[in-house]
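K.L.:
Quick one: structure below, then a few questions.
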Amino acid sequence: MEFQQKESKEMPLVTVIVAVVLLVVGGWYYLSYQQLAEEQNTEQVAEKKVPQKLVVSFGMLNKSGQIGSAVFYERDGKVQVEVDVYNAPKDTPQPVHVHEESCPNPGAVKYPLTSLVNGQSETVLDITLENLLSSLPLSVNVHKSEKDAGIYVSCGNISRENLVPIDNNTPPVPQVSMPPPPSVAQ
């Protein structure tokens, strides 16, 4: 009988120890799971980062009447550049580049782009949008022609302020379709 009493006194102690161990292990598991869930949530938020495009408007230089825009956006780790210029000469290639420094006096060529033909150009640069922006100040410069590359006809400054989100609610960048300023009307 004495043995049975001793056993029943030890049972609550064993139960308490088992309960404490279960609480510690369960708490550790719960906290580990919560931390993992937070890390996964943070990764998902980072993956859902809204992509951005950079829209640069060009002003006219040297009374050319040429104005336009360039849109830079990242796809697969590379920057796609689409350039549209209004009032460009027909069938005359016009060199266009990303230059160091700002308009109206850009510096050296940083990234050559595909020459404009009939006011349009598309180029893929093997850099990220962030790499491009880390090199500011930069500008996009259009030259009169391959023969007259020293004459600038249109220029626009690249700026972080020109970043806009790309999402389903962002209207596409319109094609430049406005009449030339009165001072250059033909």
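Numbering starts fresh at 1 for the residues of each chain in the structure tokens, the chains themselves are lettered A, B, ... in the order given, and ligands are numbered from 1 as they appear.
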Name the residues in contact with Lys110 (chain A) at a cut-off of 9 Å, using only C-alpha atoms, excluding same-chain residues fewer than 5 positions from it; report them as a PDB file with N, CA, C and O atoms, in the first residue's frame.
P.N.:
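Saved to around_22.pdb:
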```pdb
ATOM      1  N   HIS A  97      21.442  58.632 -78.123  1.00  0.00           N
ATOM      2  CA  HIS A  97      22.292  58.047 -77.081  1.00  0.00           C
ATOM      3  C   HIS A  97      21.830  58.477 -75.703  1.00  0.00           C
ATOM      4  O   HIS A  97      21.218  59.529 -75.551  1.00  0.00           O
ATOM      5  N   VAL A  98      22.204  57.679 -74.702  1.00  0.00           N
ATOM      6  CA  VAL A  98      22.154  58.131 -73.316  1.00  0.00           C
ATOM      7  C   VAL A  98      23.526  58.735 -73.054  1.00  0.00           C
ATOM      8  O   VAL A  98      24.554  58.075 -73.253  1.00  0.00           O
ATOM      9  N   HIS A  99      23.533  60.008 -72.680  1.00  0.00           N
ATOM     10  CA  HIS A  99      24.779  60.744 -72.434  1.00  0.00           C
ATOM     11  C   HIS A  99      24.975  60.986 -70.939  1.00  0.00           C
ATOM     12  O   HIS A  99      23.997  61.079 -70.189  1.00  0.00           O
ATOM     13  N   GLU A 100      26.206  61.134 -70.539  1.00  0.00           N
ATOM     14  CA  GLU A 100      26.516  61.619 -69.194  1.00  0.00           C
ATOM     15  C   GLU A 100      26.122  63.093 -69.153  1.00  0.00           C
ATOM     16  O   GLU A 100      26.108  63.763 -70.188  1.00  0.00           O
ATOM     17  N   LEU A 138      22.231  61.913 -66.164  1.00  0.00           N
ATOM     18  CA  LEU A 138      22.244  61.392 -67.526  1.00  0.00           C
ATOM     19  C   LEU A 138      21.161  62.093 -68.337  1.00  0.00           C
ATOM     20  O   LEU A 138      20.215  62.651 -67.776  1.00  0.00           O
TER      21      LEU A 138
END
```
K.L.:
Please indicate the distance in Å from CA of Lys53 (chain A) to CA of Asn131 (chain A), rounded to one decimal place.
P.N.:
13.6 Å
K.L.:
Let me make sure I understand: among A:Ser57, A:Asn118, A:Asn157, A:Ser145, which one has the smallest atom-to-atom distance to Gln94 (chain A) if we use only C-alpha atoms?
P.N.:
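Under the stated criterion, the closest residue is A:Ser145.
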K.L.:
Would you list, as a ChimeraX atom specification, the residues of region 69-143 of chain A that end up in strand (DSSP E or B) under DSSP run on this structure's backbone?
P.N.:
/A:69-75,78-86,94-100,109-117,120-125,138-143
K.L.:
Residues as selected, N, CA and C atoms, written as a tab-separated table (two decimals), in the first residue's frame, can you do that?
P.N.:
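selection17.tsv, written as the output of this step:
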```tsv
chain	number	residue	atom	x	y	z
A	69	SER	N	9.75	61.49	-76.60
A	69	SER	CA	9.90	60.84	-75.30
A	69	SER	C	10.64	59.52	-75.45
A	70	ALA	N	11.20	59.08	-74.33
A	70	ALA	CA	11.80	57.75	-74.23
A	70	ALA	C	11.21	57.09	-73.01
A	71	VAL	N	10.89	55.81	-73.14
A	71	VAL	CA	10.37	55.04	-72.01
A	71	VAL	C	11.37	53.92	-71.74
A	72	PHE	N	11.86	53.86	-70.50
A	72	PHE	CA	12.80	52.83	-70.06
A	72	PHE	C	12.05	51.92	-69.10
A	73	TYR	N	12.10	50.63	-69.33
A	73	TYR	CA	11.53	49.70	-68.36
A	73	TYR	C	12.36	48.43	-68.36
A	74	GLU	N	12.34	47.77	-67.21
A	74	GLU	CA	13.16	46.58	-67.04
A	74	GLU	C	12.37	45.32	-67.35
A	75	ARG	N	13.00	44.44	-68.10
A	75	ARG	CA	12.41	43.14	-68.42
A	75	ARG	C	13.54	42.11	-68.38
A	78	LYS	N	17.15	43.35	-67.88
A	78	LYS	CA	17.70	44.26	-68.88
A	78	LYS	C	16.73	45.42	-69.10
A	79	VAL	N	17.26	46.55	-69.55
A	79	VAL	CA	16.42	47.72	-69.76
A	79	VAL	C	16.03	47.83	-71.23
A	80	GLN	N	14.73	47.87	-71.46
A	80	GLN	CA	14.18	48.09	-72.79
A	80	GLN	C	13.96	49.60	-72.93
A	81	VAL	N	14.40	50.17	-74.04
A	81	VAL	CA	14.24	51.61	-74.28
A	81	VAL	C	13.45	51.80	-75.56
A	82	GLU	N	12.34	52.52	-75.47
A	82	GLU	CA	11.53	52.84	-76.64
A	82	GLU	C	11.51	54.36	-76.79
A	83	VAL	N	11.94	54.82	-77.96
A	83	VAL	CA	12.04	56.26	-78.22
A	83	VAL	C	11.08	56.62	-79.35
A	84	ASP	N	10.33	57.69	-79.15
A	84	ASP	CA	9.43	58.24	-80.18
A	84	ASP	C	9.69	59.73	-80.26
A	85	VAL	N	9.94	60.22	-81.48
A	85	VAL	CA	10.20	61.65	-81.69
A	85	VAL	C	9.27	62.15	-82.78
A	86	TYR	N	8.60	63.25	-82.49
A	86	TYR	CA	7.70	63.89	-83.43
A	86	TYR	C	8.50	64.82	-84.34
A	94	GLN	N	18.72	58.87	-87.34
A	94	GLN	CA	19.22	59.88	-86.40
A	94	GLN	C	19.81	59.16	-85.20
A	95	PRO	N	21.12	59.34	-84.96
A	95	PRO	CA	21.71	58.72	-83.77
A	95	PRO	C	21.04	59.23	-82.50
A	96	VAL	N	20.87	58.34	-81.55
A	96	VAL	CA	20.31	58.70	-80.25
A	96	VAL	C	21.10	57.93	-79.19
A	97	HIS	N	21.44	58.63	-78.12
A	97	HIS	CA	22.29	58.05	-77.08
A	97	HIS	C	21.83	58.48	-75.70
A	98	VAL	N	22.20	57.68	-74.70
A	98	VAL	CA	22.15	58.13	-73.32
A	98	VAL	C	23.53	58.74	-73.05
A	99	HIS	N	23.53	60.01	-72.68
A	99	HIS	CA	24.78	60.74	-72.43
A	99	HIS	C	24.98	60.99	-70.94
A	100	GLU	N	26.21	61.13	-70.54
A	100	GLU	CA	26.52	61.62	-69.19
A	100	GLU	C	26.12	63.09	-69.15
A	109	VAL	N	29.04	59.97	-74.48
A	109	VAL	CA	28.03	58.92	-74.67
A	109	VAL	C	28.26	57.85	-73.61
A	110	LYS	N	27.21	57.52	-72.87
A	110	LYS	CA	27.27	56.45	-71.86
A	110	LYS	C	26.73	55.15	-72.45
A	111	TYR	N	25.58	55.22	-73.13
A	111	TYR	CA	24.97	54.05	-73.77
A	111	TYR	C	24.44	54.44	-75.14
A	112	PRO	N	25.00	53.89	-76.20
A	112	PRO	CA	24.42	54.15	-77.52
A	112	PRO	C	23.09	53.40	-77.66
A	113	LEU	N	22.13	54.04	-78.27
A	113	LEU	CA	20.84	53.43	-78.55
A	113	LEU	C	20.72	53.21	-80.05
A	114	THR	N	19.77	52.41	-80.46
A	114	THR	CA	19.52	52.21	-81.89
A	114	THR	C	19.08	53.53	-82.50
A	115	SER	N	19.65	53.88	-83.65
A	115	SER	CA	19.30	55.15	-84.30
A	115	SER	C	17.81	55.21	-84.60
A	116	LEU	N	17.26	56.42	-84.48
A	116	LEU	CA	15.86	56.65	-84.85
A	116	LEU	C	15.72	56.50	-86.36
A	117	VAL	N	14.64	55.88	-86.79
A	117	VAL	CA	14.26	55.88	-88.19
A	117	VAL	C	12.80	56.23	-88.22
A	120	GLN	N	11.36	56.66	-84.64
A	120	GLN	CA	11.19	55.58	-83.66
A	120	GLN	C	12.46	54.75	-83.51
A	121	SER	N	12.64	54.24	-82.29
A	121	SER	CA	13.80	53.41	-81.99
A	121	SER	C	13.47	52.50	-80.82
A	122	GLU	N	14.00	51.28	-80.86
A	122	GLU	CA	13.91	50.35	-79.74
A	122	GLU	C	15.28	49.75	-79.50
A	123	THR	N	15.68	49.70	-78.22
A	123	THR	CA	17.00	49.17	-77.85
A	123	THR	C	16.86	48.40	-76.55
A	124	VAL	N	17.68	47.36	-76.39
A	124	VAL	CA	17.78	46.64	-75.12
A	124	VAL	C	19.18	46.87	-74.58
A	125	LEU	N	19.26	47.41	-73.37
A	125	LEU	CA	20.55	47.64	-72.69
A	125	LEU	C	20.79	46.52	-71.68
A	138	LEU	N	22.23	61.91	-66.16
A	138	LEU	CA	22.24	61.39	-67.53
A	138	LEU	C	21.16	62.09	-68.34
A	139	SER	N	21.30	62.04	-69.64
A	139	SER	CA	20.28	62.59	-70.53
A	139	SER	C	20.19	61.72	-71.78
A	140	VAL	N	19.07	61.86	-72.48
A	140	VAL	CA	18.90	61.20	-73.77
A	140	VAL	C	18.99	62.30	-74.82
A	141	ASN	N	19.84	62.08	-75.81
A	141	ASN	CA	20.11	63.12	-76.80
A	141	ASN	C	19.91	62.56	-78.21
A	142	VAL	N	19.19	63.31	-79.04
A	142	VAL	CA	18.97	62.94	-80.43
A	142	VAL	C	19.83	63.87	-81.29
A	143	HIS	N	20.56	63.26	-82.24
A	143	HIS	CA	21.41	64.01	-83.15
A	143	HIS	C	20.69	64.23	-84.48
```
K.L.:
How far is it from CA of Leu136 (chain A) to CA of Val55 (chain A), in Å with one decimal?
P.N.:
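So the two atoms, CA of Leu136 (chain A) and CA of Val55 (chain A), lie 14.8 Å apart.
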K.L.:
Would you compute the distance between CA of Ile151 (chain A) and CA of Leu54 (chain A)? Give it in Å to one decimal.
P.N.:
25.6 Å
K.L.:
Residues at most 8 Å from Leu61 (chain A), counting only C-alpha atoms, excluding those fewer than 3 positions away in the same chain, as a list of chain:residue names?
P.N.:
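Those residues are A:Ser64, A:Gly65, A:Gln66, A:Pro104, A:Tyr152, A:Val153, A:Ser154, A:Cys155.
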K.L.:
Between A:Val164, A:Ile17, A:Ile158, A:Ile67, which has the minimum distance to Glu101 (chain A) (counting only C-alpha atoms)?
P.N.:
A:Ile158
